[in-house]
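**Q** One structure, as structure tokens, below. Some questions next.
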Amino acid sequence: MRKEEYFDNPDCTGALVATGSFGQLDETVQYTATLANASVTLLTGETVVANVDPATSVLAVAPFTITGSGVKSTYVQGMTFATIAYANGEYVVIQRAALSGKTTHGALLLRNGELLALVPVGDPTTSFQVNHRYIR
């Protein structure tokens, strides 16, 4: 569960003036059995055949709630808007979108020491393209 905390001083010291969260797990991810011989388009445009690990991600349905001594907030059309006031008179304005329950499909591929996050292209069981590349 993601939680945001705001302290009275910029270096995260002093009194806790605001805490915000969705009040539940933001997202759940379910992995399924390795998919053999999937077609993967790399960032270079090259297409390779590889075994990938499919995953489905589901966001929760929840508004972002923020409370605390210096908080004034409102919820409008799926968005939380909040002003957090600090003891020294400064303030910060934040906005956080509600979680929509959206479901996404993708896969992971470990190739040549790189972790590749994949998104489906067309049929989500046979063809993917690289969305993100993570290296050490």
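Identifiers in the structure tokens: chain A, B, ... in order shown; residue index from 1 per chain; ligand index from 1 in order shown.
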Could you pull the residues within 7 Å of Ile94 of chain A, counting only C-alpha atoms, minus those fewer than 3 positions along the same chain, as a ChimeraX atom specification?
**A** /A:81-83
**Q** Do a neighbour search on Leu115 of chain A at 6 Å with only C-alpha atoms, toss out local chain neighbours closer than 5 positions, and write the hits as a VMD selection string.
**A** chain A and resid 109 to 110 134
**Q** Give the strand (DSSP E or B) residues of segment 1-120 of chain A, as assigned by DSSP on the backbone, as a PDB file with C-alpha atoms, in the first residue's frame.
**A**
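Output saved as states-v7.pdb:
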ATOM      1  CA  LYS A   3       1.440   6.011   1.728  1.00  0.00           C
ATOM      2  CA  GLU A   4       2.576   9.624   1.490  1.00  0.00           C
ATOM      3  CA  GLU A   5       3.729  11.555   4.549  1.00  0.00           C
ATOM      4  CA  TYR A   6       4.378  15.290   4.775  1.00  0.00           C
ATOM      5  CA  PHE A   7       6.482  16.685   7.630  1.00  0.00           C
ATOM      6  CA  LEU A  16       3.823  14.985  10.711  1.00  0.00           C
ATOM      7  CA  VAL A  17       1.324  17.423   9.165  1.00  0.00           C
ATOM      8  CA  ALA A  18      -0.358  15.208   6.554  1.00  0.00           C
ATOM      9  CA  THR A  19      -0.752  11.558   5.589  1.00  0.00           C
ATOM     10  CA  GLY A  20      -2.311  10.330   2.372  1.00  0.00           C
ATOM     11  CA  SER A  21      -3.131   6.957   0.847  1.00  0.00           C
ATOM     12  CA  GLU A  27      -2.402  -2.722  -7.552  1.00  0.00           C
ATOM     13  CA  THR A  28      -2.250  -6.488  -7.752  1.00  0.00           C
ATOM     14  CA  VAL A  29      -0.214  -8.354 -10.335  1.00  0.00           C
ATOM     15  CA  GLN A  30      -0.778 -11.970 -11.307  1.00  0.00           C
ATOM     16  CA  TYR A  31       1.829 -13.873 -13.284  1.00  0.00           C
ATOM     17  CA  LEU A  35       4.764 -18.400 -22.789  1.00  0.00           C
ATOM     18  CA  ALA A  36       7.107 -20.129 -25.238  1.00  0.00           C
ATOM     19  CA  ASN A  37       8.040 -18.763 -28.652  1.00  0.00           C
ATOM     20  CA  ALA A  38       6.443 -15.334 -28.391  1.00  0.00           C
ATOM     21  CA  SER A  39       7.299 -12.724 -31.000  1.00  0.00           C
ATOM     22  CA  VAL A  40       8.981  -9.706 -29.348  1.00  0.00           C
ATOM     23  CA  THR A  41       9.799  -6.431 -31.100  1.00  0.00           C
ATOM     24  CA  THR A  47      11.935  -8.914 -33.867  1.00  0.00           C
ATOM     25  CA  VAL A  48      13.056 -11.957 -31.874  1.00  0.00           C
ATOM     26  CA  VAL A  49      11.367 -15.141 -30.706  1.00  0.00           C
ATOM     27  CA  ALA A  50      11.604 -15.618 -26.946  1.00  0.00           C
ATOM     28  CA  ASN A  51       9.998 -17.193 -23.902  1.00  0.00           C
ATOM     29  CA  VAL A  52       8.189 -14.484 -21.914  1.00  0.00           C
ATOM     30  CA  ASP A  53       6.477 -14.367 -18.525  1.00  0.00           C
ATOM     31  CA  PRO A  54       2.964 -12.881 -18.949  1.00  0.00           C
ATOM     32  CA  ALA A  55       1.375 -10.768 -16.222  1.00  0.00           C
ATOM     33  CA  THR A  56      -1.972  -9.092 -15.606  1.00  0.00           C
ATOM     34  CA  SER A  57      -2.143  -5.946 -13.486  1.00  0.00           C
ATOM     35  CA  VAL A  58      -5.365  -4.744 -11.838  1.00  0.00           C
ATOM     36  CA  LEU A  59      -5.645  -1.364 -10.134  1.00  0.00           C
ATOM     37  CA  VAL A  61     -10.948   1.313  -7.254  1.00  0.00           C
ATOM     38  CA  ALA A  62     -10.322   3.977  -4.618  1.00  0.00           C
ATOM     39  CA  THR A  65      -7.503  10.428   0.891  1.00  0.00           C
ATOM     40  CA  ILE A  66      -5.266  12.897   2.699  1.00  0.00           C
ATOM     41  CA  THR A  67      -5.706  14.020   6.303  1.00  0.00           C
ATOM     42  CA  VAL A  71      -4.859  19.815   5.269  1.00  0.00           C
ATOM     43  CA  LYS A  72      -7.733  21.224   3.268  1.00  0.00           C
ATOM     44  CA  SER A  73      -8.867  18.816   0.563  1.00  0.00           C
ATOM     45  CA  THR A  74     -11.664  18.232  -1.875  1.00  0.00           C
ATOM     46  CA  TYR A  75     -12.581  15.439  -4.286  1.00  0.00           C
ATOM     47  CA  VAL A  76     -13.802  16.470  -7.748  1.00  0.00           C
ATOM     48  CA  MET A  79      -9.322  13.709  -8.469  1.00  0.00           C
ATOM     49  CA  THR A  80      -8.266  14.646  -4.926  1.00  0.00           C
ATOM     50  CA  PHE A  81      -6.978  18.208  -4.592  1.00  0.00           C
ATOM     51  CA  ALA A  82      -5.313  19.180  -1.307  1.00  0.00           C
ATOM     52  CA  THR A  83      -3.464  22.112   0.203  1.00  0.00           C
ATOM     53  CA  ILE A  84      -1.042  21.250   2.997  1.00  0.00           C
ATOM     54  CA  ALA A  85      -0.073  24.198   5.216  1.00  0.00           C
ATOM     55  CA  TYR A  91       2.168  25.404   1.730  1.00  0.00           C
ATOM     56  CA  VAL A  92       2.120  22.783  -0.992  1.00  0.00           C
ATOM     57  CA  VAL A  93      -0.736  21.880  -3.332  1.00  0.00           C
ATOM     58  CA  ILE A  94      -1.067  18.274  -4.463  1.00  0.00           C
ATOM     59  CA  GLN A  95      -3.451  16.456  -6.762  1.00  0.00           C
ATOM     60  CA  ARG A  96      -3.867  12.710  -7.029  1.00  0.00           C
ATOM     61  CA  ALA A  97      -6.125  10.804  -9.418  1.00  0.00           C
ATOM     62  CA  LEU A  99      -7.578   4.498  -8.901  1.00  0.00           C
ATOM     63  CA  SER A 100      -9.902   3.366 -11.673  1.00  0.00           C
ATOM     64  CA  THR A 103      -6.674  -3.906 -16.041  1.00  0.00           C
ATOM     65  CA  THR A 104      -3.530  -4.101 -18.155  1.00  0.00           C
ATOM     66  CA  HIS A 105      -1.728  -7.036 -19.717  1.00  0.00           C
ATOM     67  CA  GLY A 106       1.958  -7.415 -20.410  1.00  0.00           C
ATOM     68  CA  ALA A 107       4.959  -9.654 -19.911  1.00  0.00           C
ATOM     69  CA  LEU A 108       8.550  -9.674 -18.704  1.00  0.00           C
ATOM     70  CA  LEU A 109      11.596 -10.893 -20.589  1.00  0.00           C
ATOM     71  CA  LEU A 110      15.135 -11.274 -19.249  1.00  0.00           C
ATOM     72  CA  ARG A 111      17.481 -10.981 -22.239  1.00  0.00           C
ATOM     73  CA  GLU A 114      18.400  -6.664 -19.304  1.00  0.00           C
ATOM     74  CA  LEU A 115      14.869  -6.863 -17.920  1.00  0.00           C
ATOM     75  CA  LEU A 116      12.384  -5.901 -20.621  1.00  0.00           C
ATOM     76  CA  ALA A 117       8.813  -4.895 -19.760  1.00  0.00           C
ATOM     77  CA  LEU A 118       6.561  -5.843 -22.664  1.00  0.00           C
ATOM     78  CA  VAL A 119       3.131  -4.774 -23.864  1.00  0.00           C
ATOM     79  CA  PRO A 120       0.971  -6.934 -26.125  1.00  0.00           C
TER      80      PRO A 120
END
**Q** For each of A:Asn9, A:Asn112, A:Glu46, A:Thr125, take the minimum atom-to-atom distance to Thr32 of chain A, counting only C-alpha atoms, then give the residue where this is smallest.
**A**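 When distances to Thr32 of chain A are compared using only C-alpha atoms, the smallest one comes from A:Thr125.
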